[in-house]
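Novice: Structure file input_12.cif, mmCIF, C-alpha atoms and all ligand atoms, is pasted below:
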```cif
data_model
#
loop_
_atom_site.label_atom_id
_atom_site.label_comp_id
_atom_site.auth_asym_id
_atom_site.auth_seq_id
_atom_site.Cartn_x
_atom_site.Cartn_y
_atom_site.Cartn_z
CA MET X 1 -21.10 -2.03 -31.39
CA PRO X 2 -21.88 -4.58 -28.65
CA GLU X 3 -19.09 -7.02 -27.91
CA SER X 4 -20.03 -10.66 -27.83
CA GLU X 5 -21.00 -12.40 -24.61
CA PRO X 6 -18.57 -14.94 -23.21
CA PRO X 7 -19.48 -18.47 -24.27
CA THR X 8 -21.89 -20.24 -21.96
CA VAL X 9 -19.95 -22.42 -19.57
CA ASP X 10 -21.18 -25.18 -17.34
CA THR X 11 -21.58 -24.17 -13.74
CA PRO X 12 -18.16 -24.87 -12.25
CA PRO X 13 -18.02 -27.24 -9.31
CA LEU X 14 -17.66 -25.90 -5.82
CA HIS X 15 -14.14 -25.52 -4.62
CA ASP X 16 -13.77 -27.88 -1.67
CA SER X 17 -10.65 -26.35 -0.30
CA LEU X 18 -11.86 -22.79 0.21
CA LEU X 19 -11.28 -21.96 3.81
CA GLY X 20 -14.76 -21.81 5.21
CA ASP X 21 -17.40 -21.52 2.51
CA HIS X 22 -19.52 -20.62 5.46
CA VAL X 23 -20.68 -17.38 7.05
CA ASP X 24 -21.11 -17.22 10.81
CA ILE X 25 -23.74 -14.50 11.09
CA ALA X 26 -23.43 -14.02 14.86
CA ARG X 27 -19.72 -13.50 14.42
CA LYS X 28 -20.24 -11.05 11.58
CA VAL X 29 -22.64 -9.02 13.68
CA ALA X 30 -20.27 -9.10 16.65
CA SER X 31 -17.39 -7.93 14.45
CA GLY X 32 -19.19 -4.60 14.05
CA GLY X 33 -19.01 -4.35 10.25
CA TYR X 34 -21.47 -1.90 8.70
CA LYS X 35 -22.83 -4.59 6.41
CA TRP X 36 -24.09 -6.68 9.30
CA THR X 37 -24.82 -4.54 12.32
CA ASP X 38 -27.93 -2.71 11.15
CA ARG X 39 -29.53 -5.47 9.17
CA ALA X 40 -28.86 -8.98 10.40
CA PRO X 41 -30.36 -11.26 11.40
CA GLU X 42 -33.85 -10.02 10.33
CA TRP X 43 -32.65 -9.03 6.87
CA ILE X 44 -29.93 -10.69 4.86
CA PRO X 45 -27.57 -7.89 3.81
CA ALA X 46 -26.69 -8.01 0.11
CA PHE X 47 -26.62 -4.25 -0.45
CA VAL X 48 -22.93 -3.46 -0.11
CA ALA X 49 -20.13 -4.57 -2.42
CA GLU X 50 -18.28 -6.47 0.28
CA HIS X 51 -17.88 -10.22 0.34
CA ASP X 52 -18.36 -12.34 3.43
CA LEU X 53 -15.53 -14.85 3.05
CA GLY X 54 -12.81 -12.71 4.60
CA PRO X 55 -10.52 -12.20 6.20
CA PHE X 56 -7.67 -13.97 4.46
CA PRO X 57 -6.29 -16.00 7.42
CA ALA X 58 -2.67 -14.87 7.04
CA MET X 59 -3.91 -11.29 7.19
CA ARG X 60 -5.61 -11.84 10.51
CA ASP X 61 -2.44 -13.46 11.90
CA ARG X 62 -0.25 -10.59 10.76
CA LEU X 63 -2.56 -7.92 12.18
CA ARG X 64 -2.78 -9.80 15.46
CA GLU X 65 1.00 -9.79 15.62
CA VAL X 66 1.21 -6.04 15.01
CA VAL X 67 -1.51 -5.41 17.61
CA ASP X 68 0.23 -7.64 20.16
CA LEU X 69 3.44 -5.71 19.60
CA GLY X 70 1.60 -2.41 19.97
CA GLY X 71 2.88 -1.28 16.58
CA PHE X 72 0.76 1.85 16.48
CA GLY X 73 3.44 4.53 16.05
CA TYR X 74 4.42 6.33 12.87
CA HIS X 75 5.36 3.75 10.33
CA SER X 76 7.37 3.16 7.17
CA THR X 77 5.42 0.35 5.52
CA ILE X 78 3.92 2.45 2.73
CA ASP X 79 6.67 1.85 0.18
CA HIS X 80 6.45 -1.85 0.90
CA MET X 81 2.70 -1.72 0.25
CA VAL X 82 3.25 0.00 -3.08
CA GLU X 83 5.83 -2.65 -4.08
CA ALA X 84 3.42 -5.41 -3.03
CA PHE X 85 0.69 -3.89 -5.20
CA CYS X 86 3.01 -3.64 -8.19
CA GLY X 87 4.02 -7.29 -7.76
CA TRP X 88 0.41 -8.45 -7.47
CA SER X 89 -0.63 -6.51 -10.52
CA ALA X 90 2.23 -7.97 -12.56
CA ARG X 91 1.50 -11.56 -11.45
CA ARG X 92 -2.28 -11.41 -11.64
CA HIS X 93 -2.95 -9.02 -14.52
CA GLY X 94 0.24 -8.77 -16.55
CA TRP X 95 0.77 -5.10 -15.75
CA ALA X 96 3.88 -4.06 -13.80
CA PRO X 97 3.22 -0.51 -12.60
CA ASP X 98 6.22 1.66 -11.81
CA PRO X 99 6.40 2.07 -8.00
CA ALA X 100 7.86 5.54 -8.53
CA LEU X 101 4.64 6.54 -10.32
CA THR X 102 2.34 4.87 -7.78
CA VAL X 103 0.96 6.99 -4.98
CA PRO X 104 -0.64 5.57 -1.82
CA ASN X 105 -3.88 6.97 -0.51
CA THR X 106 -6.61 5.89 1.82
CA SER X 107 -9.46 5.03 -0.52
CA VAL X 108 -10.25 4.59 -4.17
CA ILE X 109 -12.93 7.23 -3.95
CA GLN X 110 -10.32 9.61 -2.63
CA GLY X 111 -8.17 8.76 -5.63
CA VAL X 112 -11.06 9.50 -7.98
CA TRP X 113 -12.00 12.79 -6.35
CA SER X 114 -8.42 14.03 -6.15
CA CYS X 115 -8.02 13.26 -9.86
CA VAL X 116 -11.15 15.26 -10.63
CA GLU X 117 -9.62 18.20 -8.77
CA ALA X 118 -6.20 17.76 -10.33
CA PHE X 119 -7.09 17.08 -13.96
CA THR X 120 -10.19 19.17 -14.60
CA GLU X 121 -11.00 22.84 -14.34
CA PRO X 122 -14.05 23.93 -12.31
CA THR X 123 -15.83 24.58 -15.61
CA GLY X 124 -14.79 21.22 -17.08
CA ALA X 125 -16.83 18.05 -17.47
CA VAL X 126 -16.39 14.41 -16.48
CA ILE X 127 -17.88 11.48 -18.39
CA LEU X 128 -19.63 8.81 -16.34
CA THR X 129 -20.88 5.41 -17.51
CA PRO X 130 -24.31 4.84 -15.97
CA PRO X 131 -25.83 2.80 -14.54
CA ILE X 132 -22.78 3.38 -12.36
CA TYR X 133 -21.40 2.87 -8.85
CA PHE X 134 -23.60 5.44 -7.17
CA PRO X 135 -21.04 7.75 -5.46
CA PHE X 136 -19.78 8.75 -8.90
CA ASN X 137 -23.16 10.35 -9.53
CA THR X 138 -22.39 12.87 -6.77
CA ILE X 139 -19.26 14.25 -8.46
CA SER X 140 -21.13 17.18 -9.90
CA LYS X 141 -22.74 18.12 -6.61
CA SER X 142 -19.54 17.87 -4.61
CA THR X 143 -16.96 19.29 -7.06
CA GLY X 144 -19.04 21.59 -9.24
CA ARG X 145 -17.86 19.80 -12.40
CA ARG X 146 -20.42 18.99 -15.02
CA THR X 147 -20.99 15.32 -15.60
CA VAL X 148 -21.90 13.85 -18.96
CA ASP X 149 -23.49 10.42 -19.20
CA TRP X 150 -22.06 7.88 -21.59
CA SER X 151 -24.74 5.33 -20.79
CA LEU X 152 -24.26 1.63 -21.26
CA ILE X 153 -26.87 0.14 -23.53
CA ARG X 154 -28.69 -3.12 -22.98
CA ASP X 155 -29.83 -5.75 -25.41
CA ASP X 156 -30.84 -9.37 -24.95
CA GLU X 157 -27.22 -10.32 -24.35
CA GLY X 158 -26.54 -7.84 -21.55
CA TRP X 159 -25.10 -4.38 -20.99
CA HIS X 160 -22.60 -2.95 -23.48
CA TYR X 161 -20.44 0.07 -24.14
CA ASP X 162 -21.33 2.10 -27.21
CA LEU X 163 -18.00 3.31 -28.60
CA ASP X 164 -19.61 5.35 -31.36
CA GLY X 165 -21.64 7.10 -28.69
CA LEU X 166 -18.41 8.05 -26.87
CA ALA X 167 -16.93 9.47 -30.08
CA ASP X 168 -20.04 11.61 -30.57
CA LEU X 169 -20.01 12.90 -26.98
CA LEU X 170 -16.37 13.92 -27.22
CA ALA X 171 -16.84 15.57 -30.60
CA ASP X 172 -19.87 17.53 -29.42
CA ASP X 173 -18.59 18.74 -26.03
CA PRO X 174 -15.15 20.39 -25.90
CA GLY X 175 -15.61 20.96 -22.15
CA ILE X 176 -15.02 17.27 -21.40
CA GLN X 177 -11.69 16.81 -19.63
CA MET X 178 -12.01 13.43 -17.95
CA LEU X 179 -13.49 9.99 -18.57
CA LEU X 180 -14.12 8.03 -15.39
CA LEU X 181 -14.13 4.33 -16.19
CA CYS X 182 -15.27 1.67 -13.80
CA HIS X 183 -13.30 -1.23 -15.23
CA PRO X 184 -14.70 -3.84 -14.56
CA HIS X 185 -18.07 -2.18 -14.33
CA ASN X 186 -20.06 -1.97 -11.11
CA PRO X 187 -23.00 -2.80 -11.22
CA THR X 188 -23.27 -4.65 -14.57
CA GLY X 189 -20.06 -6.70 -14.33
CA ARG X 190 -19.14 -5.80 -17.92
CA VAL X 191 -15.46 -6.13 -18.84
CA LEU X 192 -13.91 -3.96 -21.57
CA THR X 193 -11.94 -5.78 -24.26
CA THR X 194 -8.51 -4.79 -25.55
CA ASP X 195 -10.02 -3.48 -28.78
CA GLN X 196 -12.51 -1.35 -26.90
CA LEU X 197 -9.84 -0.01 -24.57
CA THR X 198 -7.64 0.80 -27.54
CA ARG X 199 -10.43 2.80 -29.14
CA ILE X 200 -11.14 4.60 -25.86
CA VAL X 201 -7.47 5.56 -25.55
CA GLU X 202 -7.41 6.80 -29.15
CA LEU X 203 -10.45 8.99 -28.52
CA ALA X 204 -9.11 10.29 -25.22
CA SER X 205 -5.77 11.21 -26.78
CA GLU X 206 -7.46 12.89 -29.72
CA HIS X 207 -9.60 15.06 -27.40
CA ASP X 208 -7.00 15.61 -24.68
CA VAL X 209 -9.05 13.80 -22.05
CA VAL X 210 -7.61 12.09 -18.96
CA ILE X 211 -8.93 8.61 -18.23
CA VAL X 212 -9.27 7.59 -14.61
CA SER X 213 -9.71 3.83 -14.49
CA ASP X 214 -11.18 2.41 -11.29
CA GLU X 215 -10.02 -1.22 -11.37
CA ILE X 216 -11.01 -2.20 -7.84
CA HIS X 217 -13.06 -5.21 -9.02
CA ALA X 218 -10.43 -6.56 -11.43
CA ASP X 219 -9.43 -9.58 -9.35
CA PHE X 220 -12.95 -11.02 -9.71
CA THR X 221 -12.90 -11.54 -13.47
CA TYR X 222 -14.19 -14.96 -14.45
CA PRO X 223 -13.41 -17.53 -17.11
CA GLY X 224 -14.63 -16.30 -20.48
CA ALA X 225 -13.35 -12.76 -19.91
CA THR X 226 -9.96 -11.23 -19.13
CA HIS X 227 -9.20 -8.09 -17.22
CA VAL X 228 -6.91 -5.92 -19.34
CA PRO X 229 -5.49 -3.10 -17.23
CA LEU X 230 -6.03 0.14 -19.11
CA ALA X 231 -2.42 1.13 -18.47
CA THR X 232 -1.20 -1.76 -20.67
CA VAL X 233 -2.93 -0.42 -23.76
CA PRO X 234 -0.51 1.25 -26.21
CA GLY X 235 -0.74 5.02 -25.96
CA ALA X 236 -2.51 4.96 -22.58
CA ALA X 237 0.42 6.07 -20.44
CA SER X 238 0.21 9.77 -21.15
CA CYS X 239 -3.50 10.00 -20.32
CA THR X 240 -4.17 7.32 -17.68
CA VAL X 241 -4.51 7.07 -13.93
CA THR X 242 -5.40 3.70 -12.41
CA VAL X 243 -7.03 3.74 -8.99
CA THR X 244 -7.46 0.52 -7.07
CA SER X 245 -6.95 -1.32 -3.81
CA GLY X 246 -7.21 -4.73 -2.18
CA ILE X 247 -10.32 -3.89 -0.21
CA LYS X 248 -12.78 -5.79 -2.41
CA THR X 249 -10.52 -8.77 -2.89
CA PHE X 250 -9.64 -9.18 0.77
CA ALA X 251 -12.81 -7.70 2.32
CA MET X 252 -10.82 -5.10 4.25
CA GLY X 253 -12.79 -1.95 3.48
CA GLY X 254 -12.44 -0.69 7.06
CA LEU X 255 -8.65 -0.68 6.84
CA ARG X 256 -8.44 2.10 4.24
CA ALA X 257 -5.39 1.56 2.07
CA SER X 258 -5.31 2.06 -1.67
CA VAL X 259 -3.18 3.29 -4.57
CA ALA X 260 -3.29 5.59 -7.59
CA SER X 261 -0.84 4.72 -10.34
CA PHE X 262 0.09 7.20 -13.06
CA GLY X 263 0.95 6.32 -16.63
CA ASP X 264 3.92 8.65 -16.84
CA GLU X 265 5.83 11.32 -15.01
CA GLY X 266 3.87 14.11 -16.68
CA MET X 267 0.61 12.77 -15.28
CA LEU X 268 2.08 12.52 -11.80
CA VAL X 269 3.38 16.08 -11.99
CA ARG X 270 -0.09 17.30 -12.94
CA TYR X 271 -1.59 15.34 -10.04
CA ARG X 272 0.82 16.99 -7.64
CA ARG X 273 -1.14 20.19 -7.85
CA ILE X 274 -3.13 18.57 -5.03
CA PRO X 275 -1.10 19.22 -1.86
CA GLU X 276 0.25 15.89 -0.66
CA TYR X 277 -0.67 16.50 2.96
CA LEU X 278 -4.25 17.14 2.00
CA LEU X 279 -4.45 13.55 0.83
CA GLY X 280 -3.29 11.98 4.08
CA SER X 281 -1.73 8.54 3.96
CA PRO X 282 -2.74 4.95 4.72
CA ASN X 283 -2.47 3.68 8.26
CA ARG X 284 -0.17 0.93 9.51
CA LEU X 285 -2.77 -1.82 9.79
CA GLY X 286 -4.17 -1.11 6.35
CA CYS X 287 -0.68 -1.28 4.85
CA GLU X 288 0.19 -4.50 6.69
CA ALA X 289 -3.05 -6.12 5.55
CA ALA X 290 -2.58 -5.05 1.94
CA ILE X 291 1.02 -6.25 1.91
CA ILE X 292 0.19 -9.72 3.17
CA GLY X 293 -2.76 -10.04 0.82
CA TRP X 294 -0.87 -8.88 -2.25
CA GLU X 295 2.23 -10.93 -1.41
CA GLU X 296 0.68 -14.16 -0.16
CA GLY X 297 -2.97 -14.21 -1.17
CA ASP X 298 -2.77 -15.84 -4.62
CA THR X 299 -4.06 -19.29 -3.77
CA TRP X 300 -6.75 -18.00 -1.45
CA VAL X 301 -7.97 -15.54 -4.09
CA ASP X 302 -7.96 -18.25 -6.77
CA GLN X 303 -10.30 -20.27 -4.56
CA LEU X 304 -12.49 -17.29 -3.83
CA VAL X 305 -12.84 -16.44 -7.51
CA ALA X 306 -13.71 -20.08 -8.27
CA LEU X 307 -16.40 -19.98 -5.60
CA PHE X 308 -17.93 -16.75 -6.90
CA ASP X 309 -17.69 -18.05 -10.45
CA HIS X 310 -19.88 -20.90 -9.29
CA HIS X 311 -22.20 -18.45 -7.53
CA ARG X 312 -22.81 -16.22 -10.54
CA HIS X 313 -23.98 -19.19 -12.59
CA HIS X 314 -25.89 -20.76 -9.73
CA LEU X 315 -27.80 -17.54 -9.06
CA ALA X 316 -28.56 -16.96 -12.74
CA SER X 317 -29.71 -20.50 -13.27
CA ARG X 318 -31.94 -20.63 -10.19
CA LEU X 319 -33.51 -17.28 -11.13
CA ALA X 320 -34.12 -18.45 -14.69
CA ASP X 321 -35.80 -21.62 -13.42
CA GLU X 322 -37.68 -20.33 -10.40
CA LEU X 323 -38.15 -16.59 -10.92
CA PRO X 324 -38.15 -15.91 -14.67
CA ASP X 325 -39.68 -12.46 -14.12
CA VAL X 326 -36.40 -11.35 -12.56
CA ARG X 327 -33.96 -10.73 -15.36
CA MET X 328 -30.24 -11.13 -14.81
CA HIS X 329 -27.26 -11.27 -17.17
CA VAL X 330 -24.39 -13.38 -15.87
CA PRO X 331 -21.68 -10.83 -14.95
CA GLN X 332 -18.22 -11.25 -16.47
CA SER X 333 -16.68 -9.78 -13.34
CA THR X 334 -17.48 -8.56 -9.80
CA PHE X 335 -19.50 -10.45 -7.18
CA LEU X 336 -22.52 -8.28 -7.95
CA ALA X 337 -25.73 -9.19 -9.76
CA TRP X 338 -27.71 -6.45 -11.44
CA LEU X 339 -31.30 -7.62 -11.19
CA ASP X 340 -33.98 -6.22 -13.45
CA LEU X 341 -37.24 -6.35 -11.50
CA SER X 342 -39.18 -4.09 -13.82
CA ALA X 343 -41.56 -6.85 -14.93
CA LEU X 344 -42.76 -6.95 -11.31
CA GLY X 345 -43.49 -3.22 -11.01
CA PRO X 346 -41.15 -2.46 -8.10
CA GLY X 347 -41.76 1.32 -8.10
CA ASP X 348 -39.02 3.91 -7.63
CA ARG X 349 -37.28 2.11 -4.73
CA PRO X 350 -36.81 -1.40 -6.11
CA GLY X 351 -34.35 -2.38 -3.37
CA ARG X 352 -36.78 -1.33 -0.65
CA TRP X 353 -39.65 -3.03 -2.51
CA LEU X 354 -37.65 -6.23 -2.57
CA ARG X 355 -36.61 -6.02 1.04
CA ASP X 356 -40.19 -5.49 2.21
CA ARG X 357 -41.26 -8.68 0.46
CA THR X 358 -38.26 -10.91 1.02
CA GLY X 359 -36.10 -9.65 3.88
CA LEU X 360 -33.21 -9.55 1.40
CA ASP X 361 -31.57 -6.14 1.49
CA CYS X 362 -30.30 -5.06 -1.94
CA LYS X 363 -29.19 -1.66 -3.24
CA ASP X 364 -31.75 0.51 -5.00
CA GLY X 365 -31.03 0.66 -8.73
CA PRO X 366 -32.12 4.29 -9.32
CA LEU X 367 -29.16 5.46 -7.21
CA PHE X 368 -26.95 4.21 -10.05
CA GLY X 369 -28.47 6.76 -12.45
CA PRO X 370 -29.95 6.20 -15.91
CA GLY X 371 -30.41 2.48 -16.50
CA GLY X 372 -31.01 1.86 -12.80
CA GLU X 373 -34.79 2.16 -12.98
CA GLY X 374 -36.53 -1.05 -11.93
CA HIS X 375 -33.22 -2.62 -10.83
CA ALA X 376 -31.64 -3.71 -7.59
CA ARG X 377 -28.03 -4.78 -7.02
CA LEU X 378 -27.43 -7.98 -5.11
CA THR X 379 -24.05 -9.06 -3.69
CA PHE X 380 -23.47 -12.77 -4.22
CA GLY X 381 -20.06 -12.73 -2.56
CA THR X 382 -21.13 -14.91 0.30
CA SER X 383 -21.35 -18.58 1.24
CA THR X 384 -23.25 -20.93 -1.02
CA ALA X 385 -25.68 -21.70 1.80
CA LEU X 386 -26.45 -18.04 2.36
CA LEU X 387 -26.79 -17.42 -1.34
CA ASP X 388 -29.32 -20.25 -1.51
CA GLU X 389 -31.19 -18.76 1.42
CA MET X 390 -31.28 -15.42 -0.42
CA ILE X 391 -32.69 -17.07 -3.52
CA ASP X 392 -35.20 -19.05 -1.43
CA ARG X 393 -36.39 -15.79 0.10
CA LEU X 394 -36.73 -14.19 -3.32
CA VAL X 395 -38.76 -17.10 -4.59
CA ALA X 396 -40.98 -17.17 -1.50
CA GLY X 397 -41.44 -13.40 -1.44
CA ILE X 398 -41.93 -12.43 -5.06
CA GLY X 399 -42.50 -15.69 -6.92
CA THR X 400 -45.90 -15.92 -8.56
CA SER X 401 -46.81 -18.92 -6.44
CA SER X 402 -46.43 -16.75 -3.31
CA GLY X 403 -49.24 -14.54 -4.57
CA SER X 404 -47.39 -11.48 -3.30
CA SER X 405 -46.15 -10.05 -6.54
CA PRO X 406 -48.28 -7.21 -7.82
C1 LIG X 501 -16.16 0.69 -8.32
C2 LIG X 501 -15.84 1.02 -6.90
N1 LIG X 501 -14.94 1.97 -6.62
C3 LIG X 501 -14.64 2.30 -5.35
C4 LIG X 501 -15.25 1.67 -4.30
C5 LIG X 501 -14.93 2.10 -2.90
O1 LIG X 501 -13.59 2.09 -2.63
P1 LIG X 501 -13.05 2.86 -1.34
O2 LIG X 501 -13.86 2.41 -0.18
O3 LIG X 501 -11.62 2.48 -1.27
O4 LIG X 501 -13.23 4.31 -1.62
C6 LIG X 501 -16.18 0.67 -4.54
C7 LIG X 501 -16.88 0.01 -3.43
O5 LIG X 501 -17.94 -0.55 -3.58
C8 LIG X 501 -16.49 0.33 -5.87
O6 LIG X 501 -17.38 -0.62 -6.16
#
```
Represent the structure contained in this file as structure tokens.
Specialist:
Amino acid sequence: MPESEPPTVDTPPLHDSLLGDHVDIARKVASGGYKWTDRAPEWIPAFVAEHDLGPFPAMRDRLREVVDLGGFGYHSTIDHMVEAFCGWSARRHGWAPDPALTVPNTSVIQGVWSCVEAFTEPTGAVILTPPIYFPFNTISKSTGRRTVDWSLIRDDEGWHYDLDGLADLLADDPGIQMLLLCHPHNPTGRVLTTDQLTRIVELASEHDVVIVSDEIHADFTYPGATHVPLATVPGAASCTVTVTSGIKTFAMGGLRASVASFGDEGMLVRYRRIPEYLLGSPNRLGCEAAIIGWEEGDTWVDQLVALFDHHRHHLASRLADELPDVRMHVPQSTFLAWLDLSALGPGDRPGRWLRDRTGLDCKDGPLFGPGGEGHARLTFGTSTALLDEMIDRLVAGIGTSSGSSP
């Protein structure tokens, strides 16, 4: 049954104190980040789930210090990073993971894939929740596991999980060994409630299914919704792995440092069937960056979340007023907007279709699997000025007054 939408809230005011609600495009291009080098300045890049307001200033200072000292040898900062994560999670989300059950790795995707290898047999199946963060749709191809779609459903209020549908899938398919949650959900921004999580845990326990919960977007959960870490749900410990990192929050995707936290010792023992050395370990700069972010980033992140809270409403309200053919539900979380362009006939590459008409580069919806048809994903994690320029381009390029929409 669909959960209710958060109450409509007035667009929050801009946060004056955010350090630099401004994006210096020349500097972004010069910095060499993948988001900017291929695309700017001709196209505005909104295709990748990376925000433009980083880095957190204290992070830059700390990394500069380490670089100046030439601190590039083997290092022992990993345990500190794990402690910093556990502290952040307790302060921000009310979940205090056990550092002894928290394993560092280099990326969240690595955490997901290693869990697939550790917790499923080659003949087993993994449940996905499409439309879904597109790399998950390659699990079958790269691991040989079957994937089973537990598709989100959409109504006038937005995208929803269908808990009865999950019960049916699990009852019908004894080969299912894992449920991969994206919590909060990329690309729809949907947040699972405590009641829903409780039901999911009940079903997983009943069918002996491991839940891997990718909580990388949790920090960007907005007023009206609350991120409930799956691991806090009663009964979850014996079937849950949480994979996450600070890369979305602090825009440090190139630094490669993340964690996988296990609900109990038994889960960690099962995971250890993956040889530790095969997993590698995070590098010094990634650890230093994560530590400073997780230990000192609270105020900065509060301001960032307030800014993106403003952006999600601003984007939705401008689209409703100026481009009503583009349908968007205000996301409860993430800095991603899942735009339904189907009324405009965007073909099978909606992102490309949009880019050709507007110069705004969004991600093609069909990559996200069922539910992605006719959609494109837009990243609104940028400055307000750049967001307005994106919307201006959309209106000029595909608005009916432009005469260019088919
Ligand atoms: C849901 C989700 N998981 C994982 C990742 C990637 O994490 P990493 O680069 O650490 O593998 C992303 C990035 O967009 C994401 O949105």
Novice: Calculated over all atoms listed in the file, which of the candidates X:Val330, X:Met252, X:Val82, X:Leu230 has the smallest distance to Trp95 in chain X?
Specialist: X:Leu230
Novice: Find the residue from X:Gly165, X:Pro130, X:Pro370, X:Gly175 that sits nearest to ligand LIG 501 (chain X); use all atoms listed in the file when measuring.
Specialist: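 Residue with the minimum atom-to-atom distance to ligand LIG 501 (chain X): X:Pro130.
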Novice: Using all atoms listed in the file, find each protein or nucleic acid residue lying at most 7 Å from ligand LIG 501 (chain X); present the set as a list in words.
Specialist: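 Protein and nucleic-acid residues within 7 Å of ligand LIG 501 (chain X): Val48, Ala49, Thr106, Ser107, Val108, Ile109, Gln110, Tyr133, Cys182, His185, Asn186, Asp214, Ile216, His217, Ser245, Ile247, Gly253, Arg256 and Ser258 of chain X.
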Novice: Would you mind telling me which residue in X:Thr226, X:Thr244, X:Thr249, X:Gln196 lies nearest to Val305 in chain X when using only C-alpha atoms?
Specialist: X:Thr249
Novice: Please determine, counting only C-alpha atoms, which residue among X:Leu394, X:Ala96, X:Val116, X:Leu53 has the shortest atom-to-atom distance to Pro229 in chain X.
Specialist: X:Ala96
Novice: Which polymer residues, whether protein, DNA or RNA, lie within 12 Å of the coordinate (-22.7, 18.0, -27.0) when you count all atoms listed in the file? List them as a list in words, using the chain letters and numbers from the file.
Specialist: Ala125, Ile127, Thr147, Val148, Asp149, Trp150, Gly165, Leu166, Ala167, Asp168, Leu169, Leu170, Ala171, Asp172, Asp173, Pro174, Gly175 and Ile176 of chain X
